[in-house]
file run.txt (compact mmCIF, C-alpha atoms)
# COMPACT_ATOMS: atom_id res chain seq x y z
CA MET W 369 0.00 0.00 0.00
CA ARG W 370 1.37 3.39 -0.98
CA ILE W 371 1.57 6.08 1.68
CA ASN W 372 0.64 9.60 0.61
CA SER W 373 3.39 11.74 2.16
CA LYS W 374 1.51 14.97 1.43
CA LEU W 375 -1.54 13.78 3.36
CA ILE W 376 0.63 12.77 6.28
CA LYS W 377 2.32 16.17 6.30
CA VAL W 378 -1.06 17.94 6.31
CA ALA W 379 -2.32 15.72 9.12
CA VAL W 380 0.78 16.32 11.23
CA THR W 381 0.53 20.09 10.72
CA ALA W 382 -3.16 20.07 11.67
CA LEU W 383 -2.37 18.04 14.76
CA ALA W 384 0.37 20.48 15.77
CA VAL W 385 -1.95 23.45 15.36
CA SER W 386 -4.66 21.66 17.29
CA TYR W 387 -2.24 20.78 20.10
CA SER W 388 -0.93 24.34 20.23
CA GLY W 389 -4.45 25.74 20.58
CA LEU W 390 -5.24 23.10 23.21
CA ALA W 391 -2.14 24.08 25.20
CA THR W 392 -3.27 27.70 25.29
CA ALA W 393 -6.78 26.73 26.34
CA GLN W 394 -5.48 24.54 29.16
CA LEU W 395 -3.17 27.19 30.60
CA ASN W 396 -4.45 28.28 34.02
CA ILE W 397 -3.72 31.86 35.08
CA PHE W 398 -4.38 33.05 38.63
CA ALA W 399 -4.60 36.86 38.75
CA CYS W 400 -4.41 38.60 42.10
CA GLU W 401 -6.32 41.65 40.85
CA PRO W 402 -8.90 42.19 38.08
CA GLU W 403 -6.64 44.54 36.11
CA TYR W 404 -4.15 41.70 35.64
CA ALA W 405 -6.90 39.23 34.83
CA ALA W 406 -7.95 41.69 32.11
CA LEU W 407 -4.38 42.02 30.83
CA ALA W 408 -3.97 38.23 30.81
CA LYS W 409 -7.17 37.95 28.77
CA GLU W 410 -5.70 40.33 26.20
CA LEU W 411 -2.46 38.36 25.95
CA ALA W 412 -3.76 34.80 26.38
CA PRO W 413 -7.40 34.83 25.25
CA GLY W 414 -7.60 31.03 25.20
CA ALA W 415 -6.38 30.54 28.76
CA GLU W 416 -8.45 29.81 31.84
CA ILE W 417 -8.19 33.03 33.89
CA TYR W 418 -9.33 33.59 37.45
CA SER W 419 -9.22 36.82 39.46
CA ALA W 420 -8.78 36.46 43.21
CA THR W 421 -10.32 39.88 43.90
CA THR W 422 -12.77 42.34 42.41
CA ALA W 423 -12.64 46.11 42.03
CA MET W 424 -15.00 46.33 44.99
CA GLN W 425 -12.46 44.70 47.33
CA ASP W 426 -9.41 46.15 49.06
CA PRO W 427 -6.50 44.22 47.48
CA HIS W 428 -4.45 44.78 50.63
CA GLN W 429 -6.86 42.71 52.69
CA VAL W 430 -7.95 39.36 51.29
CA GLN W 431 -8.78 36.15 53.12
CA ALA W 432 -7.05 32.97 51.99
CA ARG W 433 -10.37 31.19 51.43
CA PRO W 434 -10.50 27.51 50.42
CA SER W 435 -11.81 28.53 46.98
CA LEU W 436 -8.75 30.73 46.39
CA ILE W 437 -6.44 27.96 47.58
CA ALA W 438 -8.06 25.54 45.14
CA LYS W 439 -7.68 27.99 42.24
CA MET W 440 -4.03 28.62 43.05
CA ARG W 441 -3.42 24.89 43.26
CA GLN W 442 -4.50 24.64 39.61
CA ALA W 443 -2.48 27.63 38.39
CA ASP W 444 0.37 27.49 35.90
CA ILE W 445 1.01 31.24 36.33
CA ALA W 446 0.12 33.70 39.09
CA VAL W 447 0.04 37.34 37.99
CA CYS W 448 0.05 39.92 40.78
CA ALA W 449 0.75 43.62 41.29
CA GLY W 450 3.65 43.02 43.66
CA ALA W 451 5.49 45.70 45.65
CA ASP W 452 4.10 43.91 48.73
CA LEU W 453 0.48 44.75 47.87
CA GLU W 454 -0.46 41.10 48.46
CA VAL W 455 2.03 40.42 51.24
CA GLY W 456 -0.78 39.87 53.78
CA TRP W 457 -2.40 36.98 51.90
CA LEU W 458 -0.46 35.70 48.88
CA PRO W 459 2.20 33.79 50.89
CA MET W 460 -0.57 31.95 52.73
CA LEU W 461 -2.17 30.93 49.45
CA GLN W 462 1.17 29.75 48.11
CA MET W 463 1.84 27.68 51.21
CA LYS W 464 -1.60 26.08 51.46
CA SER W 465 -1.93 25.37 47.75
CA SER W 466 1.42 23.51 47.67
CA ASN W 467 1.82 24.51 44.03
CA ALA W 468 5.54 24.74 43.23
CA LYS W 469 4.77 26.30 39.83
CA VAL W 470 3.76 29.64 41.37
CA ARG W 471 6.06 29.76 44.36
CA SER W 472 8.90 31.66 42.70
CA THR W 473 9.35 34.28 40.00
CA ASP W 474 11.92 31.90 38.50
CA GLN W 475 8.94 29.78 37.53
CA GLY W 476 5.30 30.87 37.18
CA LEU W 477 5.04 33.73 39.69
CA PHE W 478 4.90 37.17 38.06
CA PHE W 479 4.94 40.57 39.77
CA ALA W 480 4.06 43.58 37.62
CA ALA W 481 5.94 45.99 39.89
CA GLU W 482 9.19 44.14 39.22
CA GLN W 483 8.94 44.87 35.49
CA VAL W 484 8.95 48.67 35.82
CA GLU W 485 10.22 51.49 38.00
CA THR W 486 7.62 52.24 40.64
CA ILE W 487 7.03 55.66 42.18
CA ASP W 488 7.31 56.60 45.87
CA GLN W 489 9.90 54.00 46.80
CA LEU W 490 11.20 54.22 50.38
CA THR W 491 14.64 53.34 51.70
CA SER W 492 13.31 52.45 55.14
CA VAL W 493 9.90 51.70 56.63
CA ASP W 494 8.60 51.35 60.18
CA ARG W 495 5.15 50.78 61.67
CA SER W 496 4.71 54.41 62.67
CA MET W 497 4.39 55.27 58.96
CA GLY W 498 1.22 53.20 58.50
CA ASP W 499 0.49 50.92 55.54
CA VAL W 500 3.26 52.03 53.19
CA HIS W 501 5.18 50.09 50.55
CA ALA W 502 8.96 50.28 50.61
CA LYS W 503 9.09 48.89 47.06
CA GLY W 504 6.95 51.73 45.76
CA ASN W 505 3.32 52.37 44.92
CA PRO W 506 1.84 49.08 43.61
CA HIS W 507 -1.18 50.60 41.80
CA LEU W 508 0.74 51.02 38.55
CA HIS W 509 -2.09 49.88 36.28
CA PHE W 510 -3.10 53.52 35.83
CA SER W 511 0.21 54.26 34.11
CA PRO W 512 -0.33 53.33 30.43
CA GLU W 513 3.37 53.23 29.52
CA ARG W 514 4.16 51.00 32.47
CA MET W 515 1.30 48.68 31.59
CA LEU W 516 2.69 48.31 28.08
CA GLN W 517 6.02 47.21 29.53
CA VAL W 518 4.23 44.83 31.90
CA ALA W 519 2.38 43.35 28.91
CA LYS W 520 5.67 42.66 27.13
CA SER W 521 7.20 41.03 30.21
CA LEU W 522 4.10 38.96 30.88
CA THR W 523 4.15 37.70 27.31
CA GLU W 524 7.70 36.49 27.89
CA LYS W 525 6.48 34.63 30.98
CA LEU W 526 3.61 33.08 29.01
CA ILE W 527 5.99 31.90 26.31
CA ALA W 528 8.40 30.45 28.87
CA THR W 529 5.54 28.55 30.48
CA ASP W 530 3.82 27.47 27.26
CA PRO W 531 6.46 27.58 24.48
CA GLY W 532 4.27 25.63 22.09
CA SER W 533 1.96 28.64 21.79
CA LYS W 534 4.70 31.24 21.27
CA SER W 535 3.34 32.52 17.97
CA GLN W 536 -0.15 33.02 19.42
CA TYR W 537 1.20 34.99 22.39
CA GLU W 538 3.37 37.15 20.17
CA ALA W 539 0.42 37.88 17.89
CA ALA W 540 -1.79 38.78 20.86
CA LEU W 541 0.88 41.09 22.27
CA ASN W 542 1.32 42.79 18.92
CA ASP W 543 -2.43 43.35 18.61
CA PHE W 544 -2.75 44.67 22.17
CA SER W 545 0.32 46.91 21.85
CA GLN W 546 -0.96 48.51 18.67
CA ARG W 547 -4.40 49.24 20.12
CA TRP W 548 -2.99 50.41 23.47
CA SER W 549 -0.37 52.66 21.87
CA ALA W 550 -3.02 54.19 19.63
CA ALA W 551 -5.29 54.84 22.64
CA ILE W 552 -2.67 56.64 24.76
CA PRO W 553 -2.55 59.92 22.76
CA VAL W 554 -6.37 59.92 22.59
CA TRP W 555 -6.57 59.62 26.39
CA GLU W 556 -3.91 62.29 26.85
CA SER W 557 -5.78 64.68 24.58
CA LYS W 558 -9.01 64.01 26.46
CA ALA W 559 -7.27 64.62 29.81
CA LEU W 560 -5.76 68.01 28.90
CA PRO W 561 -8.42 70.00 30.83
CA LEU W 562 -7.40 68.12 34.01
CA LYS W 563 -3.81 69.35 33.98
CA GLY W 564 -2.96 71.36 37.08
CA LYS W 565 -6.17 70.44 38.91
CA LYS W 566 -5.93 69.64 42.62
CA VAL W 567 -7.85 66.97 44.51
CA ILE W 568 -8.10 65.37 47.92
CA ALA W 569 -8.08 61.59 47.62
CA TYR W 570 -8.19 58.45 49.68
CA HIS W 571 -4.83 56.63 50.00
CA SER W 572 -2.46 56.79 47.02
CA SER W 573 -4.66 54.58 44.85
CA PHE W 574 -4.67 56.93 41.85
CA LYS W 575 -1.20 58.47 42.20
CA TYR W 576 -0.02 57.07 38.85
CA LEU W 577 -3.15 58.41 37.16
CA PHE W 578 -2.70 61.87 38.67
CA ASP W 579 0.98 61.97 37.73
CA TRP W 580 0.17 60.91 34.18
CA VAL W 581 -2.49 63.55 33.48
CA GLY W 582 -0.77 66.30 35.48
CA MET W 583 -3.14 66.47 38.45
CA GLU W 584 -2.04 66.93 42.06
CA GLN W 585 -3.27 65.09 45.13
CA VAL W 586 -2.75 67.78 47.77
CA ALA W 587 -4.06 65.82 50.75
CA ASP W 588 -5.05 62.31 51.83
CA LEU W 589 -8.30 61.40 53.56
CA GLU W 590 -6.25 58.96 55.64
CA PRO W 591 -4.19 60.48 58.48
CA LYS W 592 -1.73 57.66 57.76
CA PRO W 593 -1.92 55.02 55.03
CA GLY W 594 -4.27 52.27 56.14
CA LEU W 595 -5.96 54.31 58.91
CA PRO W 596 -9.56 55.55 58.54
CA PRO W 597 -10.17 59.32 58.59
CA SER W 598 -10.34 60.71 62.13
CA SER W 599 -12.47 63.71 63.11
CA SER W 600 -9.38 65.82 63.81
CA HIS W 601 -7.83 64.91 60.46
CA LEU W 602 -11.04 65.70 58.59
CA ALA W 603 -11.17 69.05 60.37
CA SER W 604 -7.66 69.83 59.12
CA LEU W 605 -8.71 68.86 55.59
CA LEU W 606 -11.69 71.20 55.86
CA THR W 607 -9.29 74.02 56.65
CA ARG W 608 -7.19 73.05 53.61
CA ALA W 609 -10.27 72.96 51.39
CA GLU W 610 -11.16 76.52 52.36
CA ALA W 611 -8.28 77.71 50.19
CA GLY W 612 -10.71 77.26 47.31
CA ASP W 613 -8.35 75.52 44.89
CA ILE W 614 -9.64 71.93 45.23
CA MET W 615 -11.55 70.46 42.28
CA GLY W 616 -13.07 67.57 44.21
CA ILE W 617 -12.64 64.58 46.50
CA ILE W 618 -11.72 61.21 44.99
CA VAL W 619 -12.59 57.80 46.42
CA ALA W 620 -11.87 54.38 44.91
CA SER W 621 -14.70 51.93 44.29
CA TYR W 622 -13.83 49.76 47.32
CA GLN W 623 -13.16 52.57 49.81
CA ASP W 624 -15.47 53.87 52.53
CA GLU W 625 -17.16 57.09 51.38
CA ARG W 626 -18.29 58.39 54.78
CA GLY W 627 -15.28 60.60 55.51
CA ALA W 628 -15.27 61.94 51.95
CA ASN W 629 -18.99 62.73 52.11
CA TRP W 630 -18.57 64.51 55.47
CA LEU W 631 -15.82 66.68 54.03
CA GLY W 632 -17.62 67.22 50.74
CA ASP W 633 -20.78 68.43 52.45
CA ARG W 634 -18.97 70.92 54.65
CA ALA W 635 -16.53 72.14 52.01
CA SER W 636 -19.11 72.19 49.20
CA LEU W 637 -16.91 69.91 47.11
CA PRO W 638 -18.09 67.10 44.82
CA VAL W 639 -17.21 63.54 45.87
CA GLN W 640 -16.41 61.26 42.96
CA VAL W 641 -16.08 57.47 43.19
CA LEU W 642 -13.68 56.13 40.56
CA PRO W 643 -13.46 52.47 39.55
CA MET W 644 -10.26 51.11 41.03
CA SER W 645 -10.08 48.39 38.42
CA VAL W 646 -11.97 46.54 35.73
CA GLY W 647 -15.50 45.90 36.97
CA GLY W 648 -15.48 48.89 39.32
CA ASN W 649 -18.52 50.29 37.52
CA ASP W 650 -20.75 49.29 34.61
CA GLN W 651 -18.58 51.13 32.08
CA SER W 652 -15.27 49.46 33.05
CA GLN W 653 -15.40 46.09 31.35
CA ASP W 654 -11.76 45.90 30.20
CA LEU W 655 -8.57 47.94 30.52
CA PHE W 656 -9.51 50.29 27.68
CA SER W 657 -12.96 51.12 29.03
CA LEU W 658 -11.51 51.44 32.56
CA TYR W 659 -9.28 54.29 31.37
CA ASP W 660 -12.14 55.89 29.44
CA SER W 661 -14.45 55.72 32.44
CA VAL W 662 -11.95 57.16 34.91
CA LEU W 663 -11.11 60.11 32.66
CA ASP W 664 -14.77 60.78 31.86
CA LEU W 665 -15.64 60.83 35.57
CA LEU W 666 -12.79 63.21 36.39
CA LEU W 667 -13.82 65.50 33.55
CA SER W 668 -17.41 65.45 34.82
CA ILE W 669 -16.18 66.94 38.12
CA LYS W 670 -14.40 69.75 36.30
CA ALA W 671 -17.43 70.42 34.15
CA GLY W 672 -19.63 70.58 37.22
call {"tool": "encode", "arguments": {"input": "run.txt", "output": "structure tokens"}}
result
Amino acid sequence: MRINSKLIKVAVTALAVSYSGLATAQLNIFACEPEYAALAKELAPGAEIYSATTAMQDPHQVQARPSLIAKMRQADIAVCAGADLEVGWLPMLQMKSSNAKVRSTDQGLFFAAEQVETIDQLTSVDRSMGDVHAKGNPHLHFSPERMLQVAKSLTEKLIATDPGSKSQYEAALNDFSQRWSAAIPVWESKALPLKGKKVIAYHSSFKYLFDWVGMEQVADLEPKPGLPPSSSHLASLLTRAEAGDIMGIIVASYQDERGANWLGDRASLPVQVLPMSVGGNDQSQDLFSLYDSVLDLLLSIKAG
């Protein structure tokens, strides 16, 4: 019986393509925050992606629930903000899941903050300073240029973990990079009216955003990072607001609004809740719409 070599070659090629697609689909990605689940979806659309938190949760404070342990046990890659944002709960998940794949950055563990230069790094930290991060501000997902670098580094991690799907990951990165790079000047043009505006905000959640668009956070609703607003601190903020140069008060989607509302009522300042991440409001369904929503909400304060 004669063997058709061309048919065999076609069959082998089809099998390779099928296996490559299957490998991508079977890749399990554990994201610590929804912004990195969204980025992973852009770069590995065929993967199984799970976010440990939502935009309505404080990413500093997460319980190592059995469901999270089970998800981490299945993970091939864990993608987290880093800079000690998850230091209170990620090590517990790693220990209880007993998954060697995501125990070290030499393997499947990925920290976004280690791929870029963070802002507000500290040479020394002690408890009197409150909930601060010596490795810098971890909320870097509101810096579009940094996120582009994170996307490139994460793609390298995906390829190292799943080399059979290299071409798919490279194509996804190229597509995301083109769309993201095209969106940045549009966002910057939209944000021009915000340049020089001053706000009071909760924590340093939006510091990268403010730096990017040229806004200034002149005061923090927290007396110290991690501490709720006290009556004496709010009184001092009221005195600061009387200068008349504050555009508004900013709160993230997971933060308590009571102190902001107290100050806003007495200082006659608008209080605006911004989505901290993807899913923080109905408009923020991916990274692109998250940026659009945040800028639109800030511009609505100015217009008001």
call {"tool": "closest_residue", "arguments": {"input": "run.txt", "among": "W:Ser600, W:Ser521, W:Thr486, W:Ser435", "to": "His509 (chain W)", "atoms": "only C-alpha atoms"}}
result
W:Thr486
call {"tool": "residues_around", "arguments": {"input": "run.txt", "residues": "Ser465 (chain W)", "least_positions_apart": "5", "cutoff": "10 Å", "atoms": "only C-alpha atoms", "output": "MDAnalysis selection string"}}
result
chainID W and resid 434 436:443 459:460 470:471
call {"tool": "closest_residue", "arguments": {"input": "run.txt", "among": "W:Met515, W:Cys448, W:Ala628, W:Leu411", "to": "Asp543 (chain W)", "atoms": "only C-alpha atoms"}}
result
W:Leu411
call {"tool": "atom_distance", "arguments": {"input": "run.txt", "atom1": "CA of Ser466 (chain W)", "atom2": "CA of Glu482 (chain W)"}}
result
23.6 Å
call {"tool": "residues_around", "arguments": {"input": "run.txt", "residues": "Ser657 (chain W)", "least_positions_apart": "6", "cutoff": "10 Å", "atoms": "all atoms listed in the file", "output": "PyMOL selection string"}}
result
chain W and resi 646-647+650-651+663
call {"tool": "atom_distance", "arguments": {"input": "run.txt", "atom1": "CA of Gln640 (chain W)", "atom2": "CA of Asp426 (chain W)"}}
result
17.7 Å
